[in-house]
Amino acid sequence: MAKNFDLDKTILRETRKRQGYPKQAPLALEIGISREAYTRIERSGSTSKRTAQKLAKALGVSIDYLTGADKGDLLYSSFYCEFMESGAPSQQARRQLFNTEFDLLTFLDQRIYEERPIRIGGTSAEEYSDFPTTSLPTYSIEGVDCTLTIPLREEIPDPESNAGKTLTFTFRELQHQEKVGLTWKPLTKWASIYINQALSSALNRYYPEYIFLGEHKGRDAQFLVVLCDDIQKTQSETLLLEDLWTVRQFSNWFRHNLPPLTAYKISTDNKLSFELVPQDGSSAAKRLDVIRVDPETNTEAPFPAPWQEAVLAAFSWNEKIIKSGATTNSAVPTLEAFSKAITA
């Protein structure tokens, strides 16, 4: 018979509750024993050393912490994350601990990438489905709980595919208090700023709309095309387009009407920008910006990577082939000419 190992009953009970196990049964299942067996452990404080080790691992603390021998900073991690897929047969939440905000964000960024919506092409505006998803990502903070919900990825162009199914991450910051042991705390100021900025940037890359801390980002956005003198930074022409399909039409039209030039893509946040340099040096360089904007506030809105890729494909731009245009064209086309072409 295994020798009994004594745990502090109060520390065990309070640690279980604070680590996301309000009921005894889920923790018992986690360590592979019955609920009745776990109840006896919590009542008596006595168990085998092997079971004590399993409890310590499941709760993210050391055995010394559970025995009360050491109440110092025994956390393996600063951040605790619980995640669950809606519609999953077991509905069993999974849990993970992270040492730093960076580790947590790396994990969340990877999951956002894995569940990002895929772009489905078509030959007309009616057939072109950019994001076959029926729900929006949502990030919120309530008390000590930070919750990120993202739609499960839809692999086929079917509006009913995975409709309403989501992956939800709830994460908290941990702390240790001398008298009560492990407790949750609201995100510290700098952790909150770092996490909020990183998650907003990650959602920007893949979703045209999302809800972030109660604010609906990217709603009913339009596209502003700006053609300006790149040297003097003086805006010369603007054109407002209503949807991505029209932007793709514009990009294709613009490319076919360019004179011989070299197009350099400029790295910018949330928009596509090009420097257009005539190969014969006959005229000054131009700058072309495609910006997604909120029509109510006239501010930049999320312009996710798959949409930018669609515009780049229509523009026929890639890293290896940056020369464009035809010798039959004499000058960079005006935005007014495209506006007349689509309204004719």
# chains A, B, ... in the order shown; residues from 1 in each chain; ligands from 1
call {"tool": "residues_around", "arguments": {"residues": "Arg35 in chain A", "least_positions_apart": "6", "cutoff": "8 Å", "atoms": "only C-alpha atoms", "output": "list in words"}}
result
Gln24, Ala25, Ala28 and Leu29 of chain A
call {"tool": "write_last_selection", "arguments": {"atoms": "C-alpha atoms", "output": "PDB file, in the first residue's frame"}}
result
ATOM      1  CA  GLN A  24     -14.710  18.580  -7.768  1.00  0.00           C
ATOM      2  CA  ALA A  25     -15.671  16.213 -10.604  1.00  0.00           C
ATOM      3  CA  ALA A  28     -11.034  14.327 -10.476  1.00  0.00           C
ATOM      4  CA  LEU A  29     -11.479  13.472 -14.156  1.00  0.00           C
TER       5      LEU A  29
END
call {"tool": "select_by_dssp", "arguments": {"residues": "range 161-220 of chain A", "states": "strand (DSSP E)", "output": "MDAnalysis selection string"}}
result
chainID A and resid 166:177 181:185 210:212 215:217
call {"tool": "select_by_dssp", "arguments": {"residues": "range 22-121 of chain A", "states": "alpha helix (DSSP H)", "output": "PDB file with N, CA and C atoms, in the first residue's frame"}}
result
ATOM      1  N   GLN A  24     -15.777  19.555  -7.980  1.00  0.00           N
ATOM      2  CA  GLN A  24     -14.710  18.580  -7.768  1.00  0.00           C
ATOM      3  C   GLN A  24     -14.563  17.594  -8.929  1.00  0.00           C
ATOM      4  N   ALA A  25     -15.679  17.264  -9.585  1.00  0.00           N
ATOM      5  CA  ALA A  25     -15.671  16.213 -10.604  1.00  0.00           C
ATOM      6  C   ALA A  25     -14.703  16.473 -11.764  1.00  0.00           C
ATOM      7  N   PRO A  26     -14.679  17.698 -12.337  1.00  0.00           N
ATOM      8  CA  PRO A  26     -13.753  17.934 -13.458  1.00  0.00           C
ATOM      9  C   PRO A  26     -12.283  17.725 -13.092  1.00  0.00           C
ATOM     10  N   LEU A  27     -11.907  18.149 -11.853  1.00  0.00           N
ATOM     11  CA  LEU A  27     -10.517  17.954 -11.435  1.00  0.00           C
ATOM     12  C   LEU A  27     -10.229  16.473 -11.216  1.00  0.00           C
ATOM     13  N   ALA A  28     -11.197  15.771 -10.659  1.00  0.00           N
ATOM     14  CA  ALA A  28     -11.034  14.327 -10.476  1.00  0.00           C
ATOM     15  C   ALA A  28     -10.824  13.634 -11.822  1.00  0.00           C
ATOM     16  N   LEU A  29     -11.623  14.041 -12.820  1.00  0.00           N
ATOM     17  CA  LEU A  29     -11.479  13.472 -14.156  1.00  0.00           C
ATOM     18  C   LEU A  29     -10.113  13.803 -14.747  1.00  0.00           C
ATOM     19  N   GLU A  30      -9.636  15.030 -14.499  1.00  0.00           N
ATOM     20  CA  GLU A  30      -8.349  15.480 -15.026  1.00  0.00           C
ATOM     21  C   GLU A  30      -7.198  14.605 -14.527  1.00  0.00           C
ATOM     22  N   ILE A  31      -7.265  14.167 -13.257  1.00  0.00           N
ATOM     23  CA  ILE A  31      -6.158  13.391 -12.699  1.00  0.00           C
ATOM     24  C   ILE A  31      -6.440  11.884 -12.705  1.00  0.00           C
ATOM     25  N   ARG A  35     -14.906  11.035  -8.556  1.00  0.00           N
ATOM     26  CA  ARG A  35     -15.233  12.208  -7.737  1.00  0.00           C
ATOM     27  C   ARG A  35     -15.259  11.837  -6.256  1.00  0.00           C
ATOM     28  N   GLU A  36     -15.769  10.645  -5.942  1.00  0.00           N
ATOM     29  CA  GLU A  36     -15.825  10.211  -4.545  1.00  0.00           C
ATOM     30  C   GLU A  36     -14.423  10.114  -3.946  1.00  0.00           C
ATOM     31  N   ALA A  37     -13.477   9.588  -4.749  1.00  0.00           N
ATOM     32  CA  ALA A  37     -12.098   9.464  -4.263  1.00  0.00           C
ATOM     33  C   ALA A  37     -11.494  10.841  -4.014  1.00  0.00           C
ATOM     34  N   TYR A  38     -11.795  11.784  -4.931  1.00  0.00           N
ATOM     35  CA  TYR A  38     -11.259  13.134  -4.733  1.00  0.00           C
ATOM     36  C   TYR A  38     -11.874  13.787  -3.501  1.00  0.00           C
ATOM     37  N   THR A  39     -13.185  13.577  -3.291  1.00  0.00           N
ATOM     38  CA  THR A  39     -13.855  14.163  -2.121  1.00  0.00           C
ATOM     39  C   THR A  39     -13.183  13.703  -0.836  1.00  0.00           C
ATOM     40  N   ARG A  40     -12.798  12.427  -0.781  1.00  0.00           N
ATOM     41  CA  ARG A  40     -12.108  11.908   0.408  1.00  0.00           C
ATOM     42  C   ARG A  40     -10.769  12.604   0.613  1.00  0.00           C
ATOM     43  N   ILE A  41     -10.059  12.889  -0.492  1.00  0.00           N
ATOM     44  CA  ILE A  41      -8.772  13.583  -0.376  1.00  0.00           C
ATOM     45  C   ILE A  41      -8.979  14.977   0.198  1.00  0.00           C
ATOM     46  N   GLU A  42      -9.985  15.682  -0.305  1.00  0.00           N
ATOM     47  CA  GLU A  42     -10.199  17.063   0.136  1.00  0.00           C
ATOM     48  C   GLU A  42     -10.703  17.115   1.580  1.00  0.00           C
ATOM     49  N   ARG A  43     -11.421  16.072   2.019  1.00  0.00           N
ATOM     50  CA  ARG A  43     -11.912  16.030   3.399  1.00  0.00           C
ATOM     51  C   ARG A  43     -10.810  15.660   4.389  1.00  0.00           C
ATOM     52  N   SER A  44      -9.955  14.704   3.977  1.00  0.00           N
ATOM     53  CA  SER A  44      -8.932  14.207   4.909  1.00  0.00           C
ATOM     54  C   SER A  44      -7.572  14.875   4.728  1.00  0.00           C
ATOM     55  N   LYS A  49       1.521   9.904  -2.775  1.00  0.00           N
ATOM     56  CA  LYS A  49       2.400  10.909  -3.353  1.00  0.00           C
ATOM     57  C   LYS A  49       2.174  11.017  -4.861  1.00  0.00           C
ATOM     58  N   ARG A  50       1.876   9.904  -5.528  1.00  0.00           N
ATOM     59  CA  ARG A  50       1.634   9.908  -6.968  1.00  0.00           C
ATOM     60  C   ARG A  50       0.415  10.761  -7.316  1.00  0.00           C
ATOM     61  N   THR A  51      -0.667  10.602  -6.536  1.00  0.00           N
ATOM     62  CA  THR A  51      -1.867  11.405  -6.781  1.00  0.00           C
ATOM     63  C   THR A  51      -1.611  12.876  -6.448  1.00  0.00           C
ATOM     64  N   ALA A  52      -0.836  13.133  -5.401  1.00  0.00           N
ATOM     65  CA  ALA A  52      -0.495  14.519  -5.041  1.00  0.00           C
ATOM     66  C   ALA A  52       0.276  15.187  -6.177  1.00  0.00           C
ATOM     67  N   GLN A  53       1.173  14.453  -6.808  1.00  0.00           N
ATOM     68  CA  GLN A  53       1.934  15.002  -7.933  1.00  0.00           C
ATOM     69  C   GLN A  53       1.009  15.343  -9.106  1.00  0.00           C
ATOM     70  N   LYS A  54       0.026  14.478  -9.368  1.00  0.00           N
ATOM     71  CA  LYS A  54      -0.933  14.749 -10.436  1.00  0.00           C
ATOM     72  C   LYS A  54      -1.767  15.991 -10.119  1.00  0.00           C
ATOM     73  N   LEU A  55      -2.178  16.130  -8.858  1.00  0.00           N
ATOM     74  CA  LEU A  55      -2.951  17.306  -8.447  1.00  0.00           C
ATOM     75  C   LEU A  55      -2.140  18.582  -8.633  1.00  0.00           C
ATOM     76  N   ALA A  56      -0.886  18.559  -8.196  1.00  0.00           N
ATOM     77  CA  ALA A  56      -0.030  19.737  -8.311  1.00  0.00           C
ATOM     78  C   ALA A  56       0.139  20.142  -9.772  1.00  0.00           C
ATOM     79  N   LYS A  57       0.339  19.156 -10.647  1.00  0.00           N
ATOM     80  CA  LYS A  57       0.516  19.450 -12.068  1.00  0.00           C
ATOM     81  C   LYS A  57      -0.755  20.041 -12.670  1.00  0.00           C
ATOM     82  N   ALA A  58      -1.912  19.446 -12.334  1.00  0.00           N
ATOM     83  CA  ALA A  58      -3.189  19.929 -12.881  1.00  0.00           C
ATOM     84  C   ALA A  58      -3.509  21.342 -12.414  1.00  0.00           C
ATOM     85  N   LEU A  59      -3.107  21.686 -11.196  1.00  0.00           N
ATOM     86  CA  LEU A  59      -3.426  22.997 -10.632  1.00  0.00           C
ATOM     87  C   LEU A  59      -2.336  24.032 -10.899  1.00  0.00           C
ATOM     88  N   ILE A  63       4.046  20.571  -5.245  1.00  0.00           N
ATOM     89  CA  ILE A  63       3.555  19.772  -4.112  1.00  0.00           C
ATOM     90  C   ILE A  63       3.785  20.519  -2.805  1.00  0.00           C
ATOM     91  N   ASP A  64       4.924  21.211  -2.703  1.00  0.00           N
ATOM     92  CA  ASP A  64       5.209  21.974  -1.482  1.00  0.00           C
ATOM     93  C   ASP A  64       4.138  23.017  -1.217  1.00  0.00           C
ATOM     94  N   TYR A  65       3.595  23.593  -2.295  1.00  0.00           N
ATOM     95  CA  TYR A  65       2.539  24.583  -2.107  1.00  0.00           C
ATOM     96  C   TYR A  65       1.280  23.914  -1.554  1.00  0.00           C
ATOM     97  N   LEU A  66       0.931  22.749  -2.101  1.00  0.00           N
ATOM     98  CA  LEU A  66      -0.279  22.054  -1.647  1.00  0.00           C
ATOM     99  C   LEU A  66      -0.140  21.525  -0.223  1.00  0.00           C
ATOM    100  N   THR A  67       1.072  21.234   0.224  1.00  0.00           N
ATOM    101  CA  THR A  67       1.258  20.777   1.604  1.00  0.00           C
ATOM    102  C   THR A  67       1.322  21.941   2.584  1.00  0.00           C
ATOM    103  N   GLU A 101       3.518  37.193 -21.139  1.00  0.00           N
ATOM    104  CA  GLU A 101       2.532  37.673 -22.112  1.00  0.00           C
ATOM    105  C   GLU A 101       2.925  37.243 -23.523  1.00  0.00           C
ATOM    106  N   PHE A 102       4.223  37.257 -23.813  1.00  0.00           N
ATOM    107  CA  PHE A 102       4.698  36.887 -25.145  1.00  0.00           C
ATOM    108  C   PHE A 102       4.320  35.441 -25.468  1.00  0.00           C
ATOM    109  N   ASP A 103       4.510  34.538 -24.510  1.00  0.00           N
ATOM    110  CA  ASP A 103       4.170  33.128 -24.729  1.00  0.00           C
ATOM    111  C   ASP A 103       2.673  32.967 -24.969  1.00  0.00           C
ATOM    112  N   LEU A 104       1.872  33.677 -24.180  1.00  0.00           N
ATOM    113  CA  LEU A 104       0.419  33.624 -24.349  1.00  0.00           C
ATOM    114  C   LEU A 104       0.014  34.142 -25.720  1.00  0.00           C
ATOM    115  N   LEU A 105       0.575  35.266 -26.124  1.00  0.00           N
ATOM    116  CA  LEU A 105       0.215  35.876 -27.401  1.00  0.00           C
ATOM    117  C   LEU A 105       0.671  35.030 -28.585  1.00  0.00           C
ATOM    118  N   THR A 106       1.821  34.388 -28.465  1.00  0.00           N
ATOM    119  CA  THR A 106       2.279  33.490 -29.526  1.00  0.00           C
ATOM    120  C   THR A 106       1.277  32.364 -29.736  1.00  0.00           C
ATOM    121  N   PHE A 107       0.773  31.818 -28.646  1.00  0.00           N
ATOM    122  CA  PHE A 107      -0.224  30.756 -28.713  1.00  0.00           C
ATOM    123  C   PHE A 107      -1.526  31.257 -29.350  1.00  0.00           C
ATOM    124  N   LEU A 108      -2.028  32.426 -28.895  1.00  0.00           N
ATOM    125  CA  LEU A 108      -3.281  32.963 -29.432  1.00  0.00           C
ATOM    126  C   LEU A 108      -3.139  33.343 -30.901  1.00  0.00           C
ATOM    127  N   ASP A 109      -2.001  33.939 -31.265  1.00  0.00           N
ATOM    128  CA  ASP A 109      -1.772  34.329 -32.650  1.00  0.00           C
ATOM    129  C   ASP A 109      -1.790  33.109 -33.568  1.00  0.00           C
ATOM    130  N   GLN A 110      -1.188  32.013 -33.118  1.00  0.00           N
ATOM    131  CA  GLN A 110      -1.167  30.788 -33.917  1.00  0.00           C
ATOM    132  C   GLN A 110      -2.570  30.232 -34.101  1.00  0.00           C
ATOM    133  N   ARG A 111      -3.394  30.266 -33.027  1.00  0.00           N
ATOM    134  CA  ARG A 111      -4.755  29.757 -33.145  1.00  0.00           C
ATOM    135  C   ARG A 111      -5.609  30.650 -34.045  1.00  0.00           C
ATOM    136  N   ILE A 112      -5.412  31.968 -33.968  1.00  0.00           N
ATOM    137  CA  ILE A 112      -6.124  32.880 -34.871  1.00  0.00           C
ATOM    138  C   ILE A 112      -5.745  32.569 -36.311  1.00  0.00           C
ATOM    139  N   TYR A 113      -4.455  32.330 -36.539  1.00  0.00           N
ATOM    140  CA  TYR A 113      -3.980  32.011 -37.890  1.00  0.00           C
ATOM    141  C   TYR A 113      -4.605  30.703 -38.383  1.00  0.00           C
ATOM    142  N   GLU A 114      -4.664  29.706 -37.521  1.00  0.00           N
ATOM    143  CA  GLU A 114      -5.213  28.406 -37.912  1.00  0.00           C
ATOM    144  C   GLU A 114      -6.697  28.486 -38.245  1.00  0.00           C
TER     145      GLU A 114
END
call {"tool": "closest_residue", "arguments": {"among": "A:Thr334, A:Asn318, A:Asn298, A:Asn257", "to": "Lys286 in chain A", "atoms": "only C-alpha atoms"}}
result
A:Thr334
call {"tool": "residues_around", "arguments": {"residues": "Ser330 in chain A", "least_positions_apart": "4", "cutoff": "12 Å", "atoms": "only C-alpha atoms", "output": "list in words"}}
result
His256, Asn257, Leu258, Pro259, Pro260, Leu261, Pro278, Gln279, Asp280, Ser282, Ser283, Gly325, Ala326 and Thr334 of chain A
call {"tool": "residues_around", "arguments": {"residues": "Arg116 in chain A", "least_positions_apart": "5", "cutoff": "9 Å", "atoms": "only C-alpha atoms", "output": "compact mmCIF listing (two decimals) with C-alpha atoms, in the first residue's frame"}}
result
# COMPACT_ATOMS: atom_id res chain seq x y z
CA ARG A 111 -4.76 29.76 -33.15
CA ILE A 150 -13.06 33.46 -32.90
CA PRO A 151 -15.24 31.64 -35.46
CA LEU A 152 -14.14 28.18 -36.45
CA ARG A 153 -12.65 28.10 -39.90
CA GLU A 154 -14.95 27.17 -42.78
CA TYR A 206 -7.43 38.28 -41.09
CA TYR A 207 -10.87 39.72 -40.38
call {"tool": "closest_residue", "arguments": {"among": "A:Leu203, A:Glu215, A:Thr183, A:Gly60", "to": "Leu148 in chain A", "atoms": "only C-alpha atoms"}}
result
A:Leu203
call {"tool": "atom_distance", "arguments": {"atom1": "CA of Glu85 in chain A", "atom2": "CA of Leu136 in chain A"}}
result
15.1 Å
call {"tool": "residues_around", "arguments": {"residues": "Lys265 in chain A", "least_positions_apart": "4", "cutoff": "9 Å", "atoms": "only C-alpha atoms", "output": "NGL selection string"}}
result
:A and (272-276 or 317-319 or 322)
call {"tool": "residues_around", "arguments": {"residues": "Ser236 in chain A", "least_positions_apart": "2", "cutoff": "9 Å", "atoms": "only C-alpha atoms", "output": "list in words"}}
result
Val226, Leu227, Cys228, Asp229, Thr234 and Thr238 of chain A
call {"tool": "closest_residue", "arguments": {"among": "A:Ile118, A:Thr168, A:Arg219, A:Ile141", "to": "Pro186 in chain A", "atoms": "only C-alpha atoms"}}
result
A:Ile141
call {"tool": "residues_around", "arguments": {"residues": "range 310-313 of chain A", "least_positions_apart": "2", "cutoff": "7 Å", "atoms": "only C-alpha atoms", "output": "PDB file with C-alpha atoms, in the first residue's frame"}}
result
ATOM      1  CA  VAL A 247     -11.142  47.721 -55.922  1.00  0.00           C
ATOM      2  CA  ARG A 248     -10.009  44.574 -57.747  1.00  0.00           C
ATOM      3  CA  SER A 251      -6.372  47.419 -59.764  1.00  0.00           C
ATOM      4  CA  PRO A 306      -6.471  38.061 -47.573  1.00  0.00           C
ATOM      5  CA  TRP A 307      -8.186  41.158 -48.973  1.00  0.00           C
ATOM      6  CA  GLN A 308      -4.829  42.837 -49.608  1.00  0.00           C
ATOM      7  CA  PHE A 315      -2.600  44.386 -59.724  1.00  0.00           C
ATOM      8  CA  SER A 316      -0.325  41.453 -60.776  1.00  0.00           C
ATOM      9  CA  TRP A 317       2.288  42.567 -58.287  1.00  0.00           C
TER      10      TRP A 317
END
